[in-house]
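Before any comments, here is the structure.
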Amino acid sequence: MLKKLAFTTALTVAAAFTLQAQAQEPRRGGTIRFTAPYGASFVSNDSHVSNQIQDEIYGYALHGMLYKWDAKNGKPVLDIAESVQVSADGKTYTYKLRDNALFHNGRKLTSDDVIWSYTRIMDGSKNYPGARYVARIVGATDVQKGQAKEISGLKKIDESSFSMTLTDKADPGYFLFQAQTAILPAKEAQAAGFFDKPIGLGPFKFVEHVPGSRMAFERWDKYYLAGKPYADKLVISPMGEAAARDVAFRNKEVDVSILGSTQYVAYKADPNLSKGILEVAEVFTRNMGMNPTFKPFSDKRVRQAINYAIDSELIIKRLVRDKAYRAVSWLPLSSPAFDKDAKPYAFDPEKAKKLLVEAGYPDGFEFEWTATPNESWGVPIVEATIPMLAKVGIKVKVKPVETSALGGVVVGGDFQAYIWSNTSGPDSLTALKCFHSSTPRSSCNYTTFKNPAYDKLIDDASNEADAAKQLDLLKKANAMLQDEAPVWFFNYNKAVLAYQPWLHGLQPNATELALQRYEELWVDSTSPAAK
């Protein structure tokens with residue numbers, strides 16, 4: 001089993017902070033008032049449908065997955081299974097499900113539920129985003145292509161045991177912990193109206209969804225972890241605007257707020273607010289994806305010119321207020337395959353002009369750039385690049401979209417360029433597979449990147465049993481991505497979460513700070529929603 005020591009070490013350093021909860025006993029009761037900061041709404045009550053972190057936020061309350069992310073130790077651990085055995089070749093995993101894992105209708109979890117859920121995710125007609133993870137199971141892509149009805153690599157042993165055979169030696173914990181791969185109740189989920197009031201295995205059960213306002217949950221008393229969750233209720237309110245979150249947080253209407261760059265500076269300067277700040281180096285890469293069906297972007301020299309033409313460091317300093325780390329290639333700083341000696345694209349407008357001339361665009365060109373209002377990776381960033389690109393002859397027409405709509409636009413290929421923040425970890429191989437030619441846009445190959453030499457590096461890495469040799473192959477693949485430049489490499493996110501003094505149990509989740517294990521959170525008696 002491959003080690004992720006570098007990743008764990010990076011998380012330990014990035015998440016060095018002290019929480020008040022360490023000195024207190026958890027308190028039962030009260031309401032946790034969370035925020036979903038990446039849009040004005042949720043996409044769907046069906047966690048398999050959305051590729052947005054926005055929906056993962058409620059998914060962690062409602063659902064159970066095969067694994068969950070242990071943020072404090074920087075590694076995946078079993079969630080709905082109590083034990084696992086691994087074959088000698090490292091490809092077959094045999095699981096024993098928890099006897100006390102119950103769906104919110106009281107029915108016991110079975111192997112059939114797991115197998116059905118993963119098979120559903122691989123329905124090729126639905127383009128479920130979790131397919132990128134389940135595709136690592138033998139036979140999963142056959143289902144996706146309509147060549148099979150069952151995933152051959154999933155075998156039911158009995159009602160509470162099953163085996164999973166992977167296409168390559170890997171630890172499935174690194175790609176089967178997201179709500180996109182949530183385990184649904186097989187029979188119930190196929191009934192009409194199920195997603196109007198969905199049930200899951202998570203610590204909280206669904207109460208209501210008021211679109212654009214909130215999603216409310218109540219404590220699941222039969223959750224498999226005795227005594228958890230601590231809170232009686234959980235309310236998650238979508239708040240896509242940083243200013244709205246700021247007002248709600250200062251008015252003590254919410255318990256947490258993901259901070260944008262402007263709020264980050266203000267909160268750090270405030271003697272009271274600065275006491276409740278959690279910072280983590282997340283495994284996300286902010287980038288501008290370029291669609292090769294738009295002719296200029298099919299030429300590598302044009303894509304490289306974009307990277308040379310933009311002064312990324314200036315934007316990070318002035319606009320993002322240093323709440324980020326400069327991106328070198330796709331893999332972030334905490335990735336085991338990150339090359340610490342690699343250098344990012346230099347700000348070199350003359351080099352950009354030369355490349356454009358070589359590519360046949362001496363007078364530049366114009367393109368449409370799809371962007372959301374997000375202050376850290378949306379329209380404000382695009383507007384900052386416009387004069388930089390104009391100096392090399394490239395004109396930009398901004399196409400604004402709502403944050404909740406961006407995923408659909410990108411997956412549908414309805415863009416010339418987009419700007420987004422995409423998962424680039426925690427597993428290096430999984431992240432780099434997003435650029436393999438066999439990975440569809442619906443999963444994560446949003447730029448439909450194709451390069452035979454790159455494919456070979458990824459295929460060789462997938463089949464390499466020696467961890468050191470695999471790491472070397474992945475470093476080479478990451479370096480090739482930098483040269484091919486399917487995206488403008490902008491930055492790696494430094495996530496910052498502000499929390500109220502009465503909220504305890506937060507975890508330094510580098511896979512996405514807004515994703516918390518709600519069963520670990522609790523509020524003390526000073527909370528306005530303590531009762």
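Letters A, B, ... mark the chains of the structure tokens in the order given; residue numbers begin at 1 per chain; ligand numbers begin at 1, in order shown.
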
Any idea what's packed within 8 Å of A:Gln470, counting only C-alpha atoms, ignoring anything in its chain fewer than 5 positions away? Could you give it as a PDB file with N, CA and C atoms, in the first residue's frame?
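And here's result-v8.pdb as it stands now:
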```
ATOM      1  N   ASP A 460       1.735   3.677 -16.919  1.00  0.00           N
ATOM      2  CA  ASP A 460       2.891   3.028 -16.281  1.00  0.00           C
ATOM      3  C   ASP A 460       2.856   3.235 -14.771  1.00  0.00           C
ATOM      4  N   ALA A 461       2.467   4.430 -14.343  1.00  0.00           N
ATOM      5  CA  ALA A 461       2.380   4.705 -12.910  1.00  0.00           C
ATOM      6  C   ALA A 461       1.298   3.847 -12.266  1.00  0.00           C
ATOM      7  N   SER A 462       0.201   3.640 -12.964  1.00  0.00           N
ATOM      8  CA  SER A 462      -0.897   2.827 -12.443  1.00  0.00           C
ATOM      9  C   SER A 462      -0.469   1.380 -12.227  1.00  0.00           C
ATOM     10  N   GLU A 464       2.712   0.380 -11.739  1.00  0.00           N
ATOM     11  CA  GLU A 464       3.981   0.282 -11.010  1.00  0.00           C
ATOM     12  C   GLU A 464       3.751  -0.065  -9.540  1.00  0.00           C
ATOM     13  N   ALA A 465       4.336  -1.172  -9.107  1.00  0.00           N
ATOM     14  CA  ALA A 465       4.164  -1.616  -7.722  1.00  0.00           C
ATOM     15  C   ALA A 465       5.134  -0.933  -6.769  1.00  0.00           C
TER      16      ALA A 465
END
```

At a cut-off of 8 Å, using only C-alpha atoms, what residues contact A:Ser312? Leave out same-chain residues fewer than 2 positions from it and give the result as JSON, numbers by chain. {"A": [310, 314, 315, 316, 326, 347, 490, 491]}

For those residues, write N, CA and C atoms to a file as a PDB file, in the first residue's frame.
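The resulting file, part-v2.pdb, is shown below:
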```
ATOM      1  N   ILE A 310       0.293  36.504 -18.117  1.00  0.00           N
ATOM      2  CA  ILE A 310      -0.390  36.922 -16.891  1.00  0.00           C
ATOM      3  C   ILE A 310       0.579  36.964 -15.717  1.00  0.00           C
ATOM      4  N   LEU A 314       1.459  38.906  -9.012  1.00  0.00           N
ATOM      5  CA  LEU A 314       0.903  40.214  -8.693  1.00  0.00           C
ATOM      6  C   LEU A 314      -0.571  40.093  -8.312  1.00  0.00           C
ATOM      7  N   ILE A 315      -1.310  39.268  -9.050  1.00  0.00           N
ATOM      8  CA  ILE A 315      -2.733  39.080  -8.763  1.00  0.00           C
ATOM      9  C   ILE A 315      -2.914  38.423  -7.395  1.00  0.00           C
ATOM     10  N   ILE A 316      -2.084  37.431  -7.095  1.00  0.00           N
ATOM     11  CA  ILE A 316      -2.171  36.758  -5.802  1.00  0.00           C
ATOM     12  C   ILE A 316      -1.902  37.745  -4.666  1.00  0.00           C
ATOM     13  N   ARG A 326       1.342  30.224  -5.204  1.00  0.00           N
ATOM     14  CA  ARG A 326       1.490  30.223  -6.656  1.00  0.00           C
ATOM     15  C   ARG A 326       1.521  28.797  -7.202  1.00  0.00           C
ATOM     16  N   PHE A 347       6.509  35.651 -15.564  1.00  0.00           N
ATOM     17  CA  PHE A 347       5.742  36.720 -16.212  1.00  0.00           C
ATOM     18  C   PHE A 347       6.630  37.300 -17.305  1.00  0.00           C
ATOM     19  N   PHE A 490      -2.929  29.048 -12.006  1.00  0.00           N
ATOM     20  CA  PHE A 490      -3.057  30.270 -11.222  1.00  0.00           C
ATOM     21  C   PHE A 490      -2.508  30.091  -9.810  1.00  0.00           C
ATOM     22  N   ASN A 491      -3.250  29.384  -8.937  1.00  0.00           N
ATOM     23  CA  ASN A 491      -2.743  29.209  -7.574  1.00  0.00           C
ATOM     24  C   ASN A 491      -3.326  27.985  -6.899  1.00  0.00           C
TER      25      ASN A 491
END
```

Report, in Å to a single decimal, how far apart atom CA of A:Phe435 and atom CA of A:Ser47 are.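 Taking atom CA of A:Ser47 as the start and atom CA of A:Phe435 as the end point, the length is 24.0 Å.
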
Closest of A:Gln24, A:Thr110, A:Ser41, A:Thr262 to A:Ser404, counting only C-alpha atoms, is A:Ser41

Could you pull out the strand (DSSP E) residues of stretch 11-182 of chain A, going by DSSP on the backbone, and write them as an NGL selection string? :A and (31-36 or 67-70 or 75-78 or 81-86 or 92-97 or 154-158 or 161-165)

Near A:Ala324, counting only C-alpha atoms, which residues have an atom at most 8 Å away, once you skip same-chain residues fewer than 2 positions from it, shown as a compact mmCIF listing (two decimals) with C-alpha atoms, in the first residue's frame?
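What landed in part.txt:
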```
# COMPACT_ATOMS: atom_id res chain seq x y z
CA ILE A 316 -2.17 36.76 -5.80
CA VAL A 320 -6.08 37.42 -3.40
CA ARG A 321 -4.20 39.18 -0.57
CA ASP A 322 -1.69 36.31 -0.30
CA ARG A 326 1.49 30.22 -6.66
CA ASN A 491 -2.74 29.21 -7.57
CA TYR A 492 -3.20 26.60 -4.89
CA ASN A 493 -5.76 27.62 -2.33
CA LYS A 494 -5.04 28.64 1.23
CA ALA A 495 -8.42 28.02 2.83
```

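Distance check against A:Lys340 using only C-alpha atoms: of A:Ala359, A:Ile32, A:Ala479, A:Val77, the minimum falls on A:Ala479.
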
Shell of 10 Å around A:Thr285, only C-alpha atoms, local chain residues under 3 positions omitted, as a PDB file with N, CA, C and O atoms, in the first residue's frame:
```pdb
ATOM      1  N   GLU A 282      -5.100  23.820   1.170  1.00  0.00           N
ATOM      2  CA  GLU A 282      -5.996  22.841   0.556  1.00  0.00           C
ATOM      3  C   GLU A 282      -5.409  22.230  -0.712  1.00  0.00           C
ATOM      4  O   GLU A 282      -4.539  22.814  -1.364  1.00  0.00           O
ATOM      5  N   MET A 288      -7.494  28.425 -15.189  1.00  0.00           N
ATOM      6  CA  MET A 288      -8.311  28.757 -16.358  1.00  0.00           C
ATOM      7  C   MET A 288      -8.193  27.591 -17.324  1.00  0.00           C
ATOM      8  O   MET A 288      -7.126  27.302 -17.857  1.00  0.00           O
ATOM      9  N   ALA A 324      -3.203  32.439  -0.862  1.00  0.00           N
ATOM     10  CA  ALA A 324      -2.992  31.417  -1.887  1.00  0.00           C
ATOM     11  C   ALA A 324      -1.496  31.189  -2.050  1.00  0.00           C
ATOM     12  O   ALA A 324      -0.671  31.966  -1.564  1.00  0.00           O
ATOM     13  N   TYR A 325      -1.154  30.108  -2.772  1.00  0.00           N
ATOM     14  CA  TYR A 325       0.222  29.794  -3.104  1.00  0.00           C
ATOM     15  C   TYR A 325       0.312  29.688  -4.626  1.00  0.00           C
ATOM     16  O   TYR A 325      -0.553  29.100  -5.267  1.00  0.00           O
ATOM     17  N   ARG A 326       1.342  30.224  -5.204  1.00  0.00           N
ATOM     18  CA  ARG A 326       1.490  30.223  -6.656  1.00  0.00           C
ATOM     19  C   ARG A 326       1.521  28.797  -7.202  1.00  0.00           C
ATOM     20  O   ARG A 326       2.270  27.945  -6.709  1.00  0.00           O
ATOM     21  N   ALA A 327       0.723  28.528  -8.231  1.00  0.00           N
ATOM     22  CA  ALA A 327       0.680  27.203  -8.842  1.00  0.00           C
ATOM     23  C   ALA A 327       1.844  27.013  -9.804  1.00  0.00           C
ATOM     24  O   ALA A 327       2.174  27.916 -10.584  1.00  0.00           O
ATOM     25  N   VAL A 328       2.463  25.854  -9.743  1.00  0.00           N
ATOM     26  CA  VAL A 328       3.559  25.505 -10.644  1.00  0.00           C
ATOM     27  C   VAL A 328       3.023  24.649 -11.786  1.00  0.00           C
ATOM     28  O   VAL A 328       3.224  24.941 -12.953  1.00  0.00           O
ATOM     29  N   SER A 329       2.329  23.580 -11.429  1.00  0.00           N
ATOM     30  CA  SER A 329       1.633  22.744 -12.398  1.00  0.00           C
ATOM     31  C   SER A 329       0.315  22.358 -11.755  1.00  0.00           C
ATOM     32  O   SER A 329      -0.268  23.150 -11.017  1.00  0.00           O
ATOM     33  N   TRP A 330      -0.165  21.144 -11.967  1.00  0.00           N
ATOM     34  CA  TRP A 330      -1.470  20.766 -11.440  1.00  0.00           C
ATOM     35  C   TRP A 330      -1.407  20.358  -9.973  1.00  0.00           C
ATOM     36  O   TRP A 330      -2.211  20.788  -9.161  1.00  0.00           O
ATOM     37  N   LEU A 331      -0.437  19.525  -9.607  1.00  0.00           N
ATOM     38  CA  LEU A 331      -0.387  19.002  -8.249  1.00  0.00           C
ATOM     39  C   LEU A 331       0.011  20.087  -7.255  1.00  0.00           C
ATOM     40  O   LEU A 331       0.950  20.853  -7.499  1.00  0.00           O
ATOM     41  N   PRO A 332      -0.671  20.146  -6.104  1.00  0.00           N
ATOM     42  CA  PRO A 332      -0.399  21.190  -5.107  1.00  0.00           C
ATOM     43  C   PRO A 332       0.822  20.872  -4.250  1.00  0.00           C
ATOM     44  O   PRO A 332       1.403  19.791  -4.309  1.00  0.00           O
ATOM     45  N   TRP A 420     -11.895  28.225 -12.564  1.00  0.00           N
ATOM     46  CA  TRP A 420     -12.515  27.376 -11.555  1.00  0.00           C
ATOM     47  C   TRP A 420     -11.468  26.987 -10.531  1.00  0.00           C
ATOM     48  O   TRP A 420     -10.267  27.206 -10.724  1.00  0.00           O
ATOM     49  N   SER A 421     -11.918  26.406  -9.443  1.00  0.00           N
ATOM     50  CA  SER A 421     -11.049  25.827  -8.426  1.00  0.00           C
ATOM     51  C   SER A 421     -11.355  24.342  -8.386  1.00  0.00           C
ATOM     52  O   SER A 421     -12.454  23.947  -8.010  1.00  0.00           O
ATOM     53  N   ASN A 422     -10.376  23.503  -8.780  1.00  0.00           N
ATOM     54  CA  ASN A 422     -10.616  22.072  -8.925  1.00  0.00           C
ATOM     55  C   ASN A 422      -9.772  21.237  -7.980  1.00  0.00           C
ATOM     56  O   ASN A 422      -8.633  21.593  -7.668  1.00  0.00           O
ATOM     57  N   THR A 423     -10.319  20.121  -7.539  1.00  0.00           N
ATOM     58  CA  THR A 423      -9.599  19.200  -6.671  1.00  0.00           C
ATOM     59  C   THR A 423      -8.348  18.684  -7.369  1.00  0.00           C
ATOM     60  O   THR A 423      -8.414  18.237  -8.513  1.00  0.00           O
ATOM     61  N   SER A 424      -7.218  18.751  -6.678  1.00  0.00           N
ATOM     62  CA  SER A 424      -5.973  18.235  -7.250  1.00  0.00           C
ATOM     63  C   SER A 424      -5.248  17.349  -6.224  1.00  0.00           C
ATOM     64  O   SER A 424      -4.039  17.257  -6.199  1.00  0.00           O
ATOM     65  N   GLY A 425      -6.008  16.692  -5.389  1.00  0.00           N
ATOM     66  CA  GLY A 425      -5.458  15.799  -4.367  1.00  0.00           C
ATOM     67  C   GLY A 425      -6.616  15.143  -3.628  1.00  0.00           C
ATOM     68  O   GLY A 425      -7.767  15.336  -4.008  1.00  0.00           O
ATOM     69  N   PHE A 489      -2.143  27.994 -15.019  1.00  0.00           N
ATOM     70  CA  PHE A 489      -1.897  27.579 -13.645  1.00  0.00           C
ATOM     71  C   PHE A 489      -1.848  28.822 -12.766  1.00  0.00           C
ATOM     72  O   PHE A 489      -0.853  29.546 -12.747  1.00  0.00           O
ATOM     73  N   PHE A 490      -2.929  29.048 -12.006  1.00  0.00           N
ATOM     74  CA  PHE A 490      -3.057  30.270 -11.222  1.00  0.00           C
ATOM     75  C   PHE A 490      -2.508  30.091  -9.810  1.00  0.00           C
ATOM     76  O   PHE A 490      -1.415  30.536  -9.485  1.00  0.00           O
ATOM     77  N   ASN A 491      -3.250  29.384  -8.937  1.00  0.00           N
ATOM     78  CA  ASN A 491      -2.743  29.209  -7.574  1.00  0.00           C
ATOM     79  C   ASN A 491      -3.326  27.985  -6.899  1.00  0.00           C
ATOM     80  O   ASN A 491      -4.284  27.378  -7.381  1.00  0.00           O
ATOM     81  N   TYR A 492      -2.692  27.633  -5.783  1.00  0.00           N
ATOM     82  CA  TYR A 492      -3.202  26.597  -4.890  1.00  0.00           C
ATOM     83  C   TYR A 492      -3.841  27.326  -3.718  1.00  0.00           C
ATOM     84  O   TYR A 492      -3.258  28.260  -3.155  1.00  0.00           O
ATOM     85  N   ASN A 493      -5.001  26.872  -3.320  1.00  0.00           N
ATOM     86  CA  ASN A 493      -5.763  27.623  -2.326  1.00  0.00           C
ATOM     87  C   ASN A 493      -5.244  27.486  -0.900  1.00  0.00           C
ATOM     88  O   ASN A 493      -4.907  26.406  -0.438  1.00  0.00           O
TER      89      ASN A 493
END
```

Report as an mmCIF file with N, CA and C atoms, in the first residue's frame all protein, DNA and RNA residues lying within 12 Å of A:Thr526, evaluated on only C-alpha atoms, omitting residues in the same chain fewer than 2 positions from it.
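Resulting contents of part.cif:
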```
data_model
loop_
_atom_site.group_PDB
_atom_site.id
_atom_site.type_symbol
_atom_site.label_atom_id
_atom_site.label_comp_id
_atom_site.auth_asym_id
_atom_site.auth_seq_id
_atom_site.Cartn_x
_atom_site.Cartn_y
_atom_site.Cartn_z
ATOM 1 N N ARG A 27 -20.446 18.887 24.495
ATOM 2 C CA ARG A 27 -21.772 19.133 25.062
ATOM 3 C C ARG A 27 -22.835 18.641 24.093
ATOM 4 N N GLY A 30 -28.364 21.592 21.109
ATOM 5 C CA GLY A 30 -28.150 22.809 20.353
ATOM 6 C C GLY A 30 -28.195 22.600 18.847
ATOM 7 N N THR A 31 -28.035 23.714 18.147
ATOM 8 C CA THR A 31 -28.073 23.710 16.685
ATOM 9 C C THR A 31 -26.761 24.252 16.132
ATOM 10 N N LYS A 252 -23.626 37.139 14.386
ATOM 11 C CA LYS A 252 -23.730 35.892 15.151
ATOM 12 C C LYS A 252 -24.924 35.037 14.726
ATOM 13 N N ASP A 255 -22.366 30.039 12.540
ATOM 14 C CA ASP A 255 -21.248 29.641 13.394
ATOM 15 C C ASP A 255 -19.907 29.627 12.669
ATOM 16 N N GLN A 500 -17.016 30.832 15.324
ATOM 17 C CA GLN A 500 -17.446 31.496 16.553
ATOM 18 C C GLN A 500 -16.834 30.802 17.771
ATOM 19 N N PRO A 501 -16.652 31.525 18.863
ATOM 20 C CA PRO A 501 -15.982 30.942 20.035
ATOM 21 C C PRO A 501 -16.738 29.791 20.679
ATOM 22 N N TRP A 502 -18.036 29.662 20.389
ATOM 23 C CA TRP A 502 -18.823 28.589 21.009
ATOM 24 C C TRP A 502 -18.838 27.296 20.190
ATOM 25 N N LEU A 503 -18.248 27.319 18.994
ATOM 26 C CA LEU A 503 -18.232 26.122 18.155
ATOM 27 C C LEU A 503 -16.928 25.366 18.368
ATOM 28 N N HIS A 504 -17.043 24.046 18.567
ATOM 29 C CA HIS A 504 -15.875 23.225 18.855
ATOM 30 C C HIS A 504 -15.846 21.987 17.963
ATOM 31 N N TRP A 522 -19.680 20.486 18.067
ATOM 32 C CA TRP A 522 -20.630 20.747 19.144
ATOM 33 C C TRP A 522 -20.552 22.215 19.538
ATOM 34 N N VAL A 523 -21.629 22.696 20.133
ATOM 35 C CA VAL A 523 -21.682 24.092 20.578
ATOM 36 C C VAL A 523 -21.833 24.133 22.098
ATOM 37 N N ASP A 524 -21.139 25.096 22.709
ATOM 38 C CA ASP A 524 -21.269 25.220 24.164
ATOM 39 C C ASP A 524 -22.453 26.122 24.506
ATOM 40 N N PRO A 528 -25.913 31.251 20.643
ATOM 41 C CA PRO A 528 -27.295 31.740 20.565
ATOM 42 C C PRO A 528 -28.281 30.623 20.226
ATOM 43 N N ALA A 529 -27.756 29.514 19.682
ATOM 44 C CA ALA A 529 -28.612 28.371 19.341
ATOM 45 C C ALA A 529 -28.260 27.162 20.194
ATOM 46 N N ALA A 530 -27.917 27.407 21.446
ATOM 47 C CA ALA A 530 -27.482 26.328 22.333
ATOM 48 C C ALA A 530 -28.612 25.395 22.724
ATOM 49 N N LYS A 531 -29.837 25.906 22.731
ATOM 50 C CA LYS A 531 -30.969 25.072 23.156
ATOM 51 C C LYS A 531 -31.506 24.238 22.012
#
```

Spatial neighbours of A:Lys96, max dist 6 Å, only C-alpha atoms, sep filter under 5 positions, as an mmCIF file with all heavy atoms, in the first residue's frame:
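Output below, filename selection26.cif:
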```
data_model
loop_
_atom_site.group_PDB
_atom_site.id
_atom_site.type_symbol
_atom_site.label_atom_id
_atom_site.label_comp_id
_atom_site.auth_asym_id
_atom_site.auth_seq_id
_atom_site.Cartn_x
_atom_site.Cartn_y
_atom_site.Cartn_z
ATOM 1 N N ALA A 81 -17.640 0.669 6.857
ATOM 2 C CA ALA A 81 -17.099 -0.683 7.035
ATOM 3 C C ALA A 81 -16.295 -0.736 8.326
ATOM 4 O O ALA A 81 -15.661 0.245 8.716
ATOM 5 C CB ALA A 81 -16.230 -1.062 5.846
ATOM 6 N N GLU A 82 -16.314 -1.888 8.973
ATOM 7 C CA GLU A 82 -15.583 -2.021 10.232
ATOM 8 C C GLU A 82 -14.206 -2.629 10.036
ATOM 9 O O GLU A 82 -13.324 -2.475 10.892
ATOM 10 C CB GLU A 82 -16.375 -2.854 11.231
ATOM 11 C CG GLU A 82 -16.607 -4.303 10.828
ATOM 12 C CD GLU A 82 -17.414 -5.073 11.854
ATOM 13 O OE1 GLU A 82 -18.222 -4.442 12.580
ATOM 14 O OE2 GLU A 82 -17.248 -6.298 11.936
ATOM 15 N N SER A 83 -14.002 -3.333 8.896
ATOM 16 C CA SER A 83 -12.695 -3.931 8.653
ATOM 17 C C SER A 83 -12.485 -4.151 7.163
ATOM 18 O O SER A 83 -13.441 -4.186 6.375
ATOM 19 C CB SER A 83 -12.563 -5.280 9.385
ATOM 20 O OG SER A 83 -13.496 -6.217 8.875
ATOM 21 N N SER A 160 -23.281 -8.764 4.515
ATOM 22 C CA SER A 160 -22.478 -7.718 5.135
ATOM 23 C C SER A 160 -21.019 -7.717 4.681
ATOM 24 O O SER A 160 -20.195 -7.003 5.256
ATOM 25 C CB SER A 160 -22.522 -7.849 6.662
ATOM 26 O OG SER A 160 -22.009 -9.104 7.068
ATOM 27 N N SER A 161 -20.702 -8.479 3.635
ATOM 28 C CA SER A 161 -19.330 -8.539 3.145
ATOM 29 C C SER A 161 -19.301 -8.500 1.622
ATOM 30 O O SER A 161 -20.169 -9.079 0.963
ATOM 31 C CB SER A 161 -18.615 -9.807 3.629
ATOM 32 O OG SER A 161 -18.644 -9.904 5.035
#
```

Filtered DSSP result for stretch 14-101 of chain A, state alpha helix (DSSP H), as a list of chain:residue names: A:Ala14, A:Ile53, A:Gln54, A:Asp55, A:Glu56, A:Ile57, A:Tyr58, A:Gly59, A:Tyr60, A:Ala61, A:Leu62

Please, could you write that set of residues out with N, CA and C atoms as a tab-separated table (two decimals), in the first residue's frame?
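out-v2.tsv written:
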```
chain	number	residue	atom	x	y	z
A	14	ALA	N	0.58	22.61	7.85
A	14	ALA	CA	-0.39	23.62	7.41
A	14	ALA	C	-1.51	23.80	8.40
A	53	ILE	N	-18.60	21.33	-4.75
A	53	ILE	CA	-18.31	21.21	-3.32
A	53	ILE	C	-19.52	21.69	-2.51
A	54	GLN	N	-20.26	22.63	-3.07
A	54	GLN	CA	-21.45	23.16	-2.42
A	54	GLN	C	-22.36	22.04	-1.93
A	55	ASP	N	-22.53	21.02	-2.76
A	55	ASP	CA	-23.42	19.91	-2.40
A	55	ASP	C	-22.73	18.86	-1.53
A	56	GLU	N	-21.40	18.77	-1.65
A	56	GLU	CA	-20.67	17.88	-0.75
A	56	GLU	C	-20.87	18.32	0.70
A	57	ILE	N	-21.05	19.63	0.90
A	57	ILE	CA	-21.17	20.17	2.25
A	57	ILE	C	-22.35	19.56	2.99
A	58	TYR	N	-23.50	19.44	2.34
A	58	TYR	CA	-24.63	18.79	3.01
A	58	TYR	C	-24.49	17.27	2.96
A	59	GLY	N	-23.79	16.77	1.94
A	59	GLY	CA	-23.62	15.32	1.80
A	59	GLY	C	-22.90	14.69	2.97
A	60	TYR	N	-22.01	15.44	3.61
A	60	TYR	CA	-21.28	14.91	4.75
A	60	TYR	C	-22.17	14.76	5.98
A	61	ALA	N	-23.30	15.44	6.00
A	61	ALA	CA	-24.25	15.29	7.09
A	61	ALA	C	-25.20	14.13	6.83
A	62	LEU	N	-25.64	14.03	5.59
A	62	LEU	CA	-26.70	13.10	5.23
A	62	LEU	C	-26.22	11.68	4.98
```

Pick out the residues sitting within 10 Å of A:Trp69, and hand them over as number ranges by chain; count only C-alpha atoms, and ignore anything fewer than 3 positions along from it in its own chain. A: 72-79, 173-174, 176-178, 509-511, 515-517

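For the choices A:Ala371, A:Val410, A:Val254, A:Ala453, the atom-to-atom distance to A:Gln52 is smallest for A:Val410 when using only C-alpha atoms.
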
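Among A:Phe42, A:Tyr499, A:Phe34, A:Tyr361, the residue with the shortest atom-to-atom distance to A:His209, counting only C-alpha atoms, is A:Phe42.
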